[in-house]
Structures are given as structure tokens and as C-alpha cells.
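A.B. asks: Sharing run31.cif, mmCIF, C-alpha atoms:
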```cif
data_upload
loop_
_atom_site.label_atom_id
_atom_site.label_comp_id
_atom_site.auth_asym_id
_atom_site.auth_seq_id
_atom_site.Cartn_x
_atom_site.Cartn_y
_atom_site.Cartn_z
CA MET A 300 -45.52 -20.62 124.61
CA THR A 301 -46.75 -20.58 121.02
CA PRO A 302 -49.20 -17.98 119.64
CA ASN A 303 -51.45 -20.96 118.94
CA ALA A 304 -51.73 -21.70 122.66
CA HIS A 305 -53.10 -18.21 123.34
CA GLU A 306 -55.50 -18.43 120.43
CA GLU A 307 -56.67 -21.85 121.52
CA ALA A 308 -57.23 -20.69 125.08
CA ARG A 309 -59.10 -17.58 123.98
CA ASN A 310 -61.16 -19.66 121.60
CA LEU A 311 -62.25 -21.85 124.52
CA ILE A 312 -62.81 -18.86 126.81
CA ALA A 313 -65.19 -17.39 124.22
CA LEU A 314 -67.33 -20.53 124.40
CA GLY A 315 -68.20 -19.73 128.01
CA ASP A 316 -69.30 -22.81 129.96
CA SER A 317 -69.64 -24.97 126.82
CA VAL A 318 -66.26 -26.60 127.34
CA SER A 319 -65.37 -30.08 128.55
CA GLN A 320 -63.63 -30.83 131.87
CA ALA A 321 -60.36 -31.47 130.05
CA GLU A 322 -60.60 -28.23 128.10
CA TYR A 323 -61.42 -26.37 131.28
CA ALA A 324 -58.36 -27.80 132.99
CA GLY A 325 -56.27 -26.78 129.99
CA ILE A 326 -57.56 -23.21 130.16
CA ARG A 327 -56.88 -23.02 133.91
CA ALA A 328 -53.33 -24.20 133.41
CA HIS A 329 -52.78 -21.67 130.65
CA LEU A 330 -54.31 -18.80 132.62
CA ASP A 331 -52.00 -19.53 135.57
CA VAL A 332 -49.00 -18.61 133.42
CA CYS A 333 -50.41 -16.05 130.95
CA ALA A 334 -51.45 -12.65 132.27
CA ASP A 335 -52.79 -11.44 128.90
CA CYS A 336 -55.18 -14.34 128.53
CA ARG A 337 -56.18 -14.01 132.18
CA GLN A 338 -57.12 -10.41 131.47
CA TYR A 339 -59.01 -11.61 128.37
CA ALA A 340 -60.91 -14.21 130.41
CA GLU A 341 -61.86 -11.69 133.08
CA THR A 342 -63.16 -9.25 130.48
CA ALA A 343 -65.06 -12.02 128.71
CA GLN A 344 -66.69 -13.06 131.97
CA GLN A 345 -67.54 -9.49 132.82
CA VAL A 346 -69.08 -8.96 129.36
CA ALA A 347 -71.15 -12.15 129.65
CA ARG A 348 -72.35 -11.16 133.14
CA SER A 349 -73.19 -7.62 132.10
CA MET A 350 -75.03 -8.81 129.02
CA ARG A 351 -77.32 -10.94 131.15
CA ALA A 352 -78.02 -7.89 133.28
CA ILE A 353 -79.10 -5.66 130.38
CA PRO A 354 -82.81 -5.06 130.96
CA ILE A 355 -84.73 -5.08 127.68
CA ALA A 356 -88.30 -5.88 128.56
CA ALA A 357 -91.52 -6.10 126.61
CA ASP A 358 -94.22 -3.82 128.00
CA ARG A 359 -97.78 -4.87 128.85
CA THR A 360 -99.30 -3.05 125.86
CA LEU A 361 -97.12 -4.94 123.41
CA VAL A 362 -97.97 -8.27 125.02
CA ARG A 363 -101.72 -7.53 125.13
CA THR A 364 -101.75 -6.26 121.53
CA THR A 365 -99.88 -9.35 120.37
CA GLN A 366 -102.23 -11.68 122.23
CA MET A 367 -105.26 -9.93 120.73
CA ARG A 368 -103.81 -10.05 117.21
CA VAL A 369 -102.97 -13.72 117.57
CA ARG A 370 -106.48 -14.51 118.83
CA ALA A 371 -108.07 -12.55 115.95
CA ARG A 372 -105.87 -14.36 113.42
CA ALA A 373 -106.66 -17.71 115.02
CA GLU A 374 -110.37 -16.95 114.66
CA GLN A 375 -109.85 -15.94 111.01
CA LEU A 376 -108.00 -19.17 110.31
CA ARG A 377 -110.70 -21.20 112.08
CA GLN A 378 -113.44 -19.58 109.97
CA ARG A 379 -111.43 -20.11 106.79
CA ARG A 380 -110.93 -23.76 107.69
CA GLU A 381 -114.65 -24.18 108.30
CA ARG A 382 -115.48 -22.57 104.94
CA LEU A 383 -112.97 -24.81 103.21
CA LEU A 384 -114.49 -27.86 104.87
CA LEU A 385 -117.96 -26.76 103.77
CA VAL A 386 -116.80 -26.26 100.17
CA THR A 387 -115.05 -29.64 100.15
CA PHE A 388 -118.13 -31.34 101.55
CA SER A 389 -120.40 -29.61 99.00
CA CYS A 390 -118.10 -30.59 96.12
CA ALA A 391 -118.12 -34.21 97.27
CA LEU A 392 -121.90 -34.16 97.56
CA VAL A 393 -122.28 -32.65 94.08
CA ALA A 394 -119.87 -35.21 92.59
CA ILE A 395 -121.78 -38.13 94.15
CA SER A 396 -125.24 -36.84 93.19
CA SER A 397 -124.20 -36.05 89.61
CA ALA A 398 -122.64 -39.51 89.23
CA LEU A 399 -125.89 -41.10 90.42
CA SER A 400 -128.23 -38.82 88.45
CA THR A 401 -126.22 -39.20 85.20
CA ALA A 402 -127.09 -42.89 85.11
CA VAL A 403 -130.78 -42.18 85.80
CA VAL A 404 -131.03 -39.40 83.20
CA TRP A 405 -129.17 -41.56 80.63
CA LYS A 406 -131.74 -44.32 81.15
CA GLY A 407 -134.56 -41.74 80.80
CA PHE A 408 -133.20 -40.45 77.49
CA GLU A 409 -132.74 -43.98 76.22
CA TRP A 410 -136.34 -44.80 77.04
CA LEU A 411 -137.53 -41.53 75.42
CA GLY A 412 -135.48 -42.30 72.29
CA ARG A 413 -137.03 -45.76 71.99
CA TRP A 414 -140.52 -44.43 72.62
CA THR A 415 -140.17 -41.69 69.96
CA GLN A 416 -138.23 -44.11 67.71
CA LEU A 417 -135.29 -41.72 67.36
CA PRO A 418 -131.88 -43.05 66.22
CA SER A 419 -129.40 -43.51 69.04
CA PRO A 420 -127.05 -40.60 68.07
CA ALA A 421 -130.02 -38.21 68.20
CA TRP A 422 -131.13 -38.97 71.77
CA GLN A 423 -127.51 -39.17 72.87
CA ALA A 424 -126.86 -35.66 71.46
CA GLY A 425 -130.01 -34.54 73.29
CA PHE A 426 -128.63 -36.01 76.53
CA VAL A 427 -125.29 -34.15 76.13
CA LEU A 428 -127.10 -30.89 75.36
CA PHE A 429 -129.38 -31.33 78.36
CA TRP A 430 -126.38 -32.01 80.58
CA ILE A 431 -124.30 -29.02 79.52
CA ALA A 432 -127.21 -26.58 79.02
CA PRO A 433 -127.12 -25.14 82.60
CA THR A 434 -123.35 -24.59 82.42
CA LEU A 435 -123.66 -22.93 78.99
CA ALA A 436 -126.51 -20.72 80.19
CA ALA A 437 -124.56 -19.67 83.30
CA SER A 438 -121.42 -18.92 81.22
CA LEU A 439 -123.42 -16.80 78.79
CA LEU A 440 -125.04 -14.91 81.65
CA PHE A 441 -121.69 -14.18 83.31
CA LEU A 442 -120.19 -13.15 79.96
CA ALA A 443 -123.10 -10.79 79.28
CA HIS A 444 -122.83 -9.35 82.79
CA GLY A 445 -119.08 -8.82 82.41
CA THR A 446 -119.50 -7.19 79.00
CA TYR A 447 -122.18 -4.90 80.40
CA LEU A 448 -119.99 -3.85 83.33
CA SER A 449 -116.91 -3.19 81.18
CA SER A 450 -118.88 -1.25 78.56
CA ASN A 451 -120.28 0.95 81.34
CA GLY A 452 -116.81 1.50 82.82
CA ARG A 453 -117.58 -0.27 86.12
CA THR A 454 -115.90 -3.13 87.84
CA ARG A 455 -117.31 -5.74 90.13
CA GLN A 456 -116.77 -4.97 93.80
CA MET B 189 -78.38 -40.45 133.94
CA ASN B 190 -79.42 -39.81 137.51
CA ALA B 191 -83.06 -39.60 138.60
CA ALA B 192 -83.23 -35.81 138.80
CA ALA B 193 -81.69 -35.37 135.35
CA HIS B 194 -84.01 -38.04 133.95
CA TYR B 195 -87.02 -36.30 135.49
CA PHE B 196 -85.84 -32.96 134.07
CA VAL B 197 -85.35 -34.36 130.55
CA MET B 198 -88.70 -36.17 130.65
CA GLY B 199 -90.38 -33.00 131.93
CA MET B 200 -88.87 -30.97 129.10
CA GLU B 201 -89.89 -33.56 126.52
CA SER B 202 -93.44 -33.69 127.68
CA GLU B 203 -93.68 -29.89 127.77
CA ALA B 204 -92.34 -29.63 124.22
CA THR B 205 -94.77 -32.34 123.10
CA GLN B 206 -97.65 -30.55 124.78
CA ILE B 207 -96.67 -27.31 123.06
CA ALA B 208 -96.43 -29.09 119.70
CA ARG B 209 -99.88 -30.60 120.19
CA GLY B 210 -101.35 -27.24 121.24
CA LEU B 211 -99.78 -25.46 118.27
CA ARG B 212 -101.23 -28.02 115.87
CA ARG B 213 -104.65 -27.27 117.37
CA ARG B 214 -103.90 -23.52 117.25
CA ASP B 215 -104.91 -23.30 120.87
CA PRO B 216 -105.22 -19.56 121.68
CA ASP B 217 -104.81 -20.11 125.44
CA LEU B 218 -101.53 -21.90 124.90
CA LEU B 219 -100.35 -19.08 122.64
CA ASP B 220 -101.30 -16.50 125.28
CA ARG B 221 -99.23 -18.41 127.80
CA LEU B 222 -96.25 -18.74 125.44
CA ILE B 223 -96.34 -15.04 124.59
CA GLU B 224 -96.25 -14.24 128.32
CA GLN B 225 -93.49 -16.73 128.95
CA TYR B 226 -91.14 -15.73 126.11
CA GLN B 227 -91.97 -12.02 125.84
CA HIS B 228 -88.71 -10.61 127.23
CA ARG B 229 -86.37 -13.18 125.71
CA LEU B 230 -87.85 -12.84 122.24
CA LEU B 231 -87.94 -9.06 122.31
CA ARG B 232 -84.34 -8.88 123.52
CA TYR B 233 -83.22 -11.17 120.72
CA LEU B 234 -85.11 -9.15 118.11
CA VAL B 235 -83.80 -5.81 119.40
CA TYR B 236 -80.25 -7.08 119.06
CA LEU B 237 -80.92 -8.74 115.73
CA CYS B 238 -82.55 -5.84 113.91
CA GLY B 239 -81.03 -2.96 115.84
CA SER B 240 -84.20 -1.00 116.55
CA ARG B 241 -86.73 -1.38 119.33
CA GLU B 242 -89.62 -0.10 117.21
CA LEU B 243 -88.95 -2.60 114.43
CA ALA B 244 -88.33 -5.32 117.00
CA GLU B 245 -91.80 -4.74 118.47
CA ASP B 246 -93.40 -5.09 115.01
CA LEU B 247 -91.42 -8.24 114.35
CA PHE B 248 -92.33 -9.54 117.80
CA GLN B 249 -96.02 -9.46 116.84
CA GLU B 250 -95.37 -10.93 113.40
CA THR B 251 -93.32 -13.72 114.92
CA TRP B 252 -96.25 -14.84 117.08
CA ILE B 253 -98.63 -14.65 114.12
CA ARG B 254 -96.23 -16.89 112.20
CA VAL B 255 -95.97 -19.24 115.17
CA LEU B 256 -99.76 -19.54 115.03
CA GLU B 257 -99.83 -20.10 111.27
CA ARG B 258 -96.91 -22.51 111.09
CA GLY B 259 -97.24 -24.10 114.48
CA HIS B 260 -97.82 -27.50 112.88
CA GLN B 261 -94.19 -27.42 111.72
CA TYR B 262 -92.90 -27.56 115.30
CA ASP B 263 -92.24 -31.23 116.00
CA GLY B 264 -91.64 -31.01 119.74
CA LYS B 265 -88.26 -32.72 119.44
CA HIS B 266 -86.29 -29.57 120.20
CA ASP B 267 -86.82 -26.99 122.88
CA PHE B 268 -89.60 -24.59 121.85
CA SER B 269 -87.38 -21.53 122.33
CA THR B 270 -84.93 -22.84 119.69
CA TRP B 271 -87.75 -23.10 117.15
CA LEU B 272 -89.14 -19.71 118.21
CA TYR B 273 -85.79 -17.99 117.68
CA ALA B 274 -85.46 -19.64 114.26
CA VAL B 275 -88.93 -18.35 113.28
CA ALA B 276 -88.08 -14.84 114.52
CA ARG B 277 -84.74 -14.93 112.76
CA ASN B 278 -86.17 -15.98 109.39
CA LEU B 279 -88.88 -13.35 109.66
CA THR B 280 -86.37 -10.62 110.48
CA PHE B 281 -84.02 -11.56 107.66
CA ASP B 282 -86.95 -11.78 105.20
CA TYR B 283 -88.15 -8.37 106.30
CA LEU B 284 -84.75 -6.72 106.06
CA ARG B 285 -84.09 -8.34 102.68
CA LYS B 286 -87.38 -7.01 101.30
CA LYS B 287 -86.97 -3.63 102.90
CA ARG B 288 -83.44 -3.11 101.69
CA PRO B 289 -82.05 -5.32 98.96
CA VAL B 290 -78.60 -5.31 100.56
CA SER B 291 -76.91 -7.36 103.22
CA LEU B 292 -78.17 -7.31 106.76
CA ASP B 293 -75.00 -5.70 108.02
CA SER B 294 -74.92 -2.85 105.58
CA ALA B 295 -78.60 -2.31 106.23
CA MET B 296 -77.86 -1.92 109.89
CA GLU B 297 -74.90 0.32 109.32
CA ASP B 298 -76.93 2.92 107.42
CA GLU B 299 -76.43 6.29 108.96
CA ASP B 300 -80.13 7.07 108.88
CA HIS B 301 -80.97 3.76 110.52
CA ALA B 302 -82.05 4.18 114.09
CA PRO B 303 -79.24 3.09 116.40
CA MET B 304 -79.79 0.25 118.79
CA GLU B 305 -81.76 1.63 121.64
CA PRO B 306 -80.22 1.47 125.04
CA ALA B 307 -81.72 -0.73 127.66
CA ASP B 308 -85.17 0.03 128.98
CA SER B 309 -84.85 3.32 130.85
CA ARG B 310 -86.98 2.20 133.79
CA PRO B 311 -84.58 1.89 136.70
CA LEU B 312 -84.31 -1.38 138.55
CA ALA B 313 -83.65 -1.32 142.26
CA SER B 314 -81.05 -4.05 142.06
CA GLU B 315 -79.06 -2.30 139.35
CA THR B 316 -76.00 -0.35 140.29
CA VAL B 317 -74.85 2.68 138.35
CA ALA B 318 -71.67 0.88 137.36
CA HIS B 319 -73.69 -2.01 136.03
CA HIS B 320 -75.85 0.31 134.01
CA GLU B 321 -72.89 2.11 132.53
CA GLN B 322 -71.27 -1.18 131.62
CA ALA B 323 -74.50 -2.32 129.97
CA GLU B 324 -74.66 0.88 127.95
CA ARG B 325 -71.05 0.43 126.86
CA ILE B 326 -71.76 -3.12 125.76
CA ASN B 327 -74.87 -2.02 123.89
CA ALA B 328 -72.89 0.61 122.05
CA ALA B 329 -70.08 -1.82 121.26
CA MET B 330 -72.54 -4.45 120.03
CA THR B 331 -73.90 -2.12 117.32
CA GLY B 332 -70.50 -2.04 115.70
CA ILE B 333 -69.98 -5.75 115.20
CA PRO B 334 -71.40 -7.71 112.24
CA ALA B 335 -74.92 -9.06 112.66
CA GLU B 336 -74.01 -12.75 112.53
CA TYR B 337 -71.45 -12.35 115.31
CA ARG B 338 -73.79 -10.17 117.34
CA GLU B 339 -76.58 -12.70 116.98
CA THR B 340 -74.36 -15.56 118.11
CA ILE B 341 -73.13 -13.62 121.15
CA VAL B 342 -76.68 -12.67 122.13
CA LEU B 343 -77.94 -16.23 121.80
CA ARG B 344 -75.01 -17.58 123.81
CA PHE B 345 -74.61 -15.07 126.61
CA HIS B 346 -77.91 -13.26 126.72
CA GLU B 347 -80.26 -16.15 126.10
CA GLY B 348 -78.01 -18.89 127.40
CA LEU B 349 -78.51 -21.24 124.45
CA ALA B 350 -76.15 -24.19 124.00
CA LEU B 351 -73.85 -24.13 120.98
CA GLU B 352 -75.84 -26.90 119.28
CA GLU B 353 -79.06 -24.93 119.79
CA ILE B 354 -77.46 -21.83 118.27
CA ALA B 355 -76.41 -23.93 115.27
CA THR B 356 -80.04 -25.05 114.87
CA VAL B 357 -81.43 -21.52 115.19
CA THR B 358 -78.96 -20.00 112.77
CA ASN B 359 -78.96 -23.02 110.47
CA THR B 360 -75.16 -23.25 110.52
CA LYS B 361 -72.55 -25.79 111.53
CA LEU B 362 -71.26 -26.08 115.08
CA GLY B 363 -67.77 -25.04 113.93
CA THR B 364 -69.19 -21.86 112.40
CA VAL B 365 -70.97 -21.04 115.65
CA LYS B 366 -67.73 -21.50 117.59
CA SER B 367 -65.71 -19.33 115.25
CA ARG B 368 -68.40 -16.63 115.20
CA LEU B 369 -68.44 -16.62 118.97
CA TYR B 370 -64.67 -16.32 119.16
CA ARG B 371 -64.40 -13.61 116.52
CA GLY B 372 -67.43 -11.77 117.85
CA MET B 373 -66.07 -11.74 121.40
CA ASN B 374 -62.71 -10.52 120.12
CA MET B 375 -64.39 -7.71 118.21
CA LEU B 376 -66.62 -6.82 121.14
CA MET B 377 -63.76 -6.74 123.57
CA SER B 378 -61.51 -4.69 121.31
CA ARG B 379 -64.35 -2.21 120.84
CA LEU B 380 -64.91 -2.06 124.59
CA LYS B 381 -61.19 -1.52 125.12
CA GLY B 382 -61.20 1.20 122.46
CA ALA B 383 -64.16 2.93 124.07
CA ARG B 384 -62.50 2.87 127.46
CA GLY B 385 -59.09 3.99 126.20
#
```
Render the structure in this file as C-alpha cells.

C.D. replies:
Amino acid sequence: MTPNAHEEARNLIALGDSVSQAEYAGIRAHLDVCADCRQYAETAQQVARSMRAIPIAADRTLVRTTQMRVRARAEQLRQRRERLLLVTFSCALVAISSALSTAVVWKGFEWLGRWTQLPSPAWQAGFVLFWIAPTLAASLLFLAHGTYLSSNGRTRQ
Amino acid sequence: MNAAAHYFVMGMESEATQIARGLRRRDPDLLDRLIEQYQHRLLRYLVYLCGSRELAEDLFQETWIRVLERGHQYDGKHDFSTWLYAVARNLTFDYLRKKRPVSLDSAMEDEDHAPMEPADSRPLASETVAHHEQAERINAAMTGIPAEYRETIVLRFHEGLALEEIATVTNTKLGTVKSRLYRGMNMLMSRLKGARG
């Protein structure tokens, strides 16, 4: 009997019941003639059986706490998803309305330019200024607010 | 495939599909049911994997939070428990890597690290004293073998996973699983023999 035969048998024994019929027959034949491997197989079986009998159980408190935490997190995620949907919807609405109103305002400025007999670059510059004025005003306000807070040693909450 | 086996496979498939659908919806009732169903198996796996019951309980909760957050990644093609163990495993390894920037094994072999707790002390009527002693011996012997071997042994003999499922959970090849099982069992048995002798 070669050392390989023992190793092969023990290798298969370690796999438990994950062996084929042919492999099983091979192990049985080997165990009939090898006392050492028979001892090994018995111990392996005993270990596997005992391991299944080791009682490590989760207690009720752990399960309840976990369920509550999962529910709270699920609610958080649901609210976040709703907020995200709202923001996406608002952005889409703003994009559509600004696309539509740009055309209308452009026409208005064109008409005003003709009526006041201003050259085209002048009313076009007026249109651009009108369009970016709210953004500029908001930026200046935020900048002033930030400068005020930092100069007074406070931070925004 | 005979009728019973076909029915069993179809039943398993539909259950996995139902779970996958519920997880995509983040159905809290489904998660409650899954937590109840897998509580003992998952905790056992985590206790063996990280070596401490206290840490295992924290990771148990985090695992279910991650299941909720990443539930859409479960495709329902494999058994849910296989995916659950993989989630728990990744979480544990991430945690231990962050906690201690060393290997999992050396982290577990720290002297100040809490030793693996013995089995739940509540006595079970069906348990014999001999059984209990044997379980304690195995627990003690398990602490001494490297984490990857320990994990493979636990998944095979404690949780009853097939070799292919273990390969999926541990993200390794089937051959690696087989050799880990063989080496792990050898180590475990030599430690048990040493403890007895």
C-alpha cells in the first residue's frame, strides 16, 4: 500500500458525503484493510457529528434588535429615495420650464430692442444679463453670508 | 430527474426568486422572516469566523443591514444562504482588516483577543455530558487552526453546504476548498488527539 493511497483515502474522508459512488466504494475497500485510516474516518465522523450538535443560538433580544434596526434603515432608505425622486422631478420641471421661457423671453427682448431701436448686440447683452442676474445675486448673497460667518468665527450648522 | 426531486428543485428556485424580488423591493416583512429563519446559522458562522460572540452579534446586525442595502444584487440563481454567508464573510473580513491592518489569522491569534466562546451555556435536555465535553473540545481545537480552514470546516460540517457552495461563498476554486477541508480536518484531528493525549 503506497502512502498516496492513505492520503487519497483521507482526502476523500475529509469531504464527508460529497464523494461519488465510485469514490465511496474505493474508501470502503481501503478502510477494510487499513486500521489507521479507519480510525481517521471514525474520528472525522465523530467530529462532524459533534460539530452539528454544538449549540450556538441567537437570543431573542438580538433578533428583535436586528429586525428593528433593519426596519428603521429601510424607512430611512425609503425616505431618501422619495427625496431623490422629488429632486429629480423638480430638476426636470425646471429644465423644461426654463427651455420654454427662454424662447419667450428672447422674443420679448427682440421686440423691445426693435421698439426702442437698439442695436442687436445691446438687447442681446441685456437678455444675457437678465438671465444670469438671479444667479449672480444669489451667489453674491451666499458669499456675503459666508464671509460674515467666517469673520465672526461661526460656522453654519 | 424524478418527480419529487423536480418538485424540490422548482420549489427552491421559486423561493429564491421570491426572496430576490422581495429584497429588490426592500420588503421589511420578508427581511423579518429571513432574520428569524437564518438567525442561528448566521450567528454560528460569524462566531466561528471572527472568534468572538460579542463581535459576531455586531456583525450579525450589520450583515442584515447590508442585505437590506444590497439586496438588489442577489439574483435568485443561488440558494439565499450562500449569498448571505458571502455577505457576512466580506463584512467580517472588511471589519477585521480595518480594525487591525494584519492578516485575519494573526488578528485572531492575538493574546488579548477574546477567545472563541464556548457553546451557549443553556443546557439542552437532549444533550449528554459526553456530547457537551466533546463539543467544548472541538471548540477549543477550532480556535487553533487557521481561519480559512476553520471557515471551510464550519461551512461544510456545521452548515452542511456543498463544496460548490463553499467555493461560491469563499470566492475560491473547488480544488482549494477540497484541500482546505483536508488540511483543516487533519489539523483539527491532530489538535484533538493532542488535547486528549

A.B. asks: Once the PyMOL selection byres ((chain A and resi 430) around 12) has been applied to the shown file, what residues remain in the selection, as a list in words?

C.D. replies: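 For this structure, the PyMOL selection byres ((chain A and resi 430) around 12) captures Ser397, Ser400, Thr401, Ala402, Val404, Trp405, Phe408, Gln423, Ala424, Gly425, Phe426, Val427, Leu428, Phe429, Ile431, Ala432, Pro433, Thr434, Leu435 and Ala436 of chain A.
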
A.B. asks: Please enumerate the residues selected by the PyMOL selection byres ((chain B) within 8 of (chain A)) when evaluated against the supplied file, formatted as a count of residues only.

C.D. replies: 34

A.B. asks: Have a look at atom CA of A:Ser419 and atom CA of A:Lys406 and let me know their distance in Å, one decimal.

C.D. replies: 12.4 Å

A.B. asks: Name the residues in contact with B:Thr364 at a cut-off of 12 Å, using only C-alpha atoms, excluding same-chain residues fewer than 3 positions from it; report them as JSON, numbers by chain.

C.D. replies: {"B": [336, 337, 340, 351, 352, 354, 355, 356, 358, 359, 360, 361, 367, 368, 369, 370, 371, 372]}

A.B. asks: Atom CA of B:Leu380 to atom CA of B:Arg344: how many Å, to one decimal?

C.D. replies: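 Interatomic distance, atom CA of B:Leu380 to atom CA of B:Arg344: 18.5 Å.
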
A.B. asks: Suppose you want the space between atom CA of B:Tyr283 and atom CA of B:Tyr233; what is it in Å?

C.D. replies: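 These atoms are spaced 15.5 Å apart.
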
A.B. asks: Smallest atom-to-atom distance to B:Ile341: which of B:Asn374, B:Gln225, B:Thr205, B:Ser269, using only C-alpha atoms?

C.D. replies: B:Asn374

A.B. asks: When the PyMOL selection byres ((chain B and resi 260) around 9) is applied to the file above, which residues end up in the set, as an MDAnalysis selection string?

C.D. replies: chainID B and resid 208:209 211:214 255:259 261:263

A.B. asks: I'd like to know which of B:Leu376, B:Val235, B:Leu230, B:Leu247 is closest to B:Arg325, using only C-alpha atoms.

C.D. replies: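 Among B:Leu376, B:Val235, B:Leu230, B:Leu247, it is B:Leu376 that comes nearest to B:Arg325.
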
A.B. asks: For B:Ile207, please output as a ChimeraX atom specification all residues within 8 Å (counting all atoms listed in the file; exclusion window: fewer than 4 positions along the same chain).

C.D. replies: /B:203,211,218,264,268

A.B. asks: Could you check the closest approach to B:Ala274 for each of B:Asp215, B:Leu234, B:Ala329, B:Leu243 and tell me which residue wins, using only C-alpha atoms?

C.D. replies: B:Leu234

A.B. asks: Please identify all polymer residues within 9 Å of B:Thr251, counting all atoms listed in the file, omitting same-chain residues fewer than 6 positions from it, and present them as a PyMOL selection string.

C.D. replies: chain B and resi 272+275-277+279-280

A.B. asks: Because some atoms of stretch 215-226 of chain B are absent here, can you restore N, CA and C atoms and send them as an mmCIF file, in the coordinates of the input?

C.D. replies:
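Ended up saving to rebuild.cif:
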```
data_model
loop_
_atom_site.group_PDB
_atom_site.id
_atom_site.type_symbol
_atom_site.label_atom_id
_atom_site.label_comp_id
_atom_site.auth_asym_id
_atom_site.auth_seq_id
_atom_site.Cartn_x
_atom_site.Cartn_y
_atom_site.Cartn_z
ATOM 1 N N ASP B 215 -104.253 -23.599 119.601
ATOM 2 C CA ASP B 215 -104.910 -23.300 120.870
ATOM 3 C C ASP B 215 -104.557 -21.867 121.316
ATOM 4 N N PRO B 216 -105.524 -20.947 121.333
ATOM 5 C CA PRO B 216 -105.220 -19.560 121.680
ATOM 6 C C PRO B 216 -104.755 -19.379 123.127
ATOM 7 N N ASP B 217 -105.241 -20.230 124.036
ATOM 8 C CA ASP B 217 -104.810 -20.110 125.440
ATOM 9 C C ASP B 217 -103.337 -20.473 125.591
ATOM 10 N N LEU B 218 -102.938 -21.505 124.858
ATOM 11 C CA LEU B 218 -101.530 -21.900 124.900
ATOM 12 C C LEU B 218 -100.661 -20.770 124.341
ATOM 13 N N LEU B 219 -101.127 -20.171 123.241
ATOM 14 C CA LEU B 219 -100.350 -19.080 122.640
ATOM 15 C C LEU B 219 -100.254 -17.886 123.578
ATOM 16 N N ASP B 220 -101.334 -17.583 124.284
ATOM 17 C CA ASP B 220 -101.300 -16.500 125.280
ATOM 18 C C ASP B 220 -100.214 -16.776 126.315
ATOM 19 N N ARG B 221 -100.186 -18.026 126.761
ATOM 20 C CA ARG B 221 -99.230 -18.410 127.800
ATOM 21 C C ARG B 221 -97.792 -18.326 127.261
ATOM 22 N N LEU B 222 -97.603 -18.779 126.025
ATOM 23 C CA LEU B 222 -96.250 -18.740 125.440
ATOM 24 C C LEU B 222 -95.782 -17.305 125.227
ATOM 25 N N ILE B 223 -96.710 -16.452 124.799
ATOM 26 C CA ILE B 223 -96.340 -15.040 124.590
ATOM 27 C C ILE B 223 -95.874 -14.433 125.919
ATOM 28 N N GLU B 224 -96.624 -14.738 126.975
ATOM 29 C CA GLU B 224 -96.250 -14.240 128.320
ATOM 30 C C GLU B 224 -94.877 -14.778 128.707
ATOM 31 N N GLN B 225 -94.694 -16.050 128.489
ATOM 32 C CA GLN B 225 -93.490 -16.730 128.950
ATOM 33 C C GLN B 225 -92.228 -16.257 128.218
ATOM 34 N N TYR B 226 -92.340 -16.044 126.915
ATOM 35 C CA TYR B 226 -91.140 -15.730 126.110
ATOM 36 C C TYR B 226 -91.046 -14.263 125.720
#
```
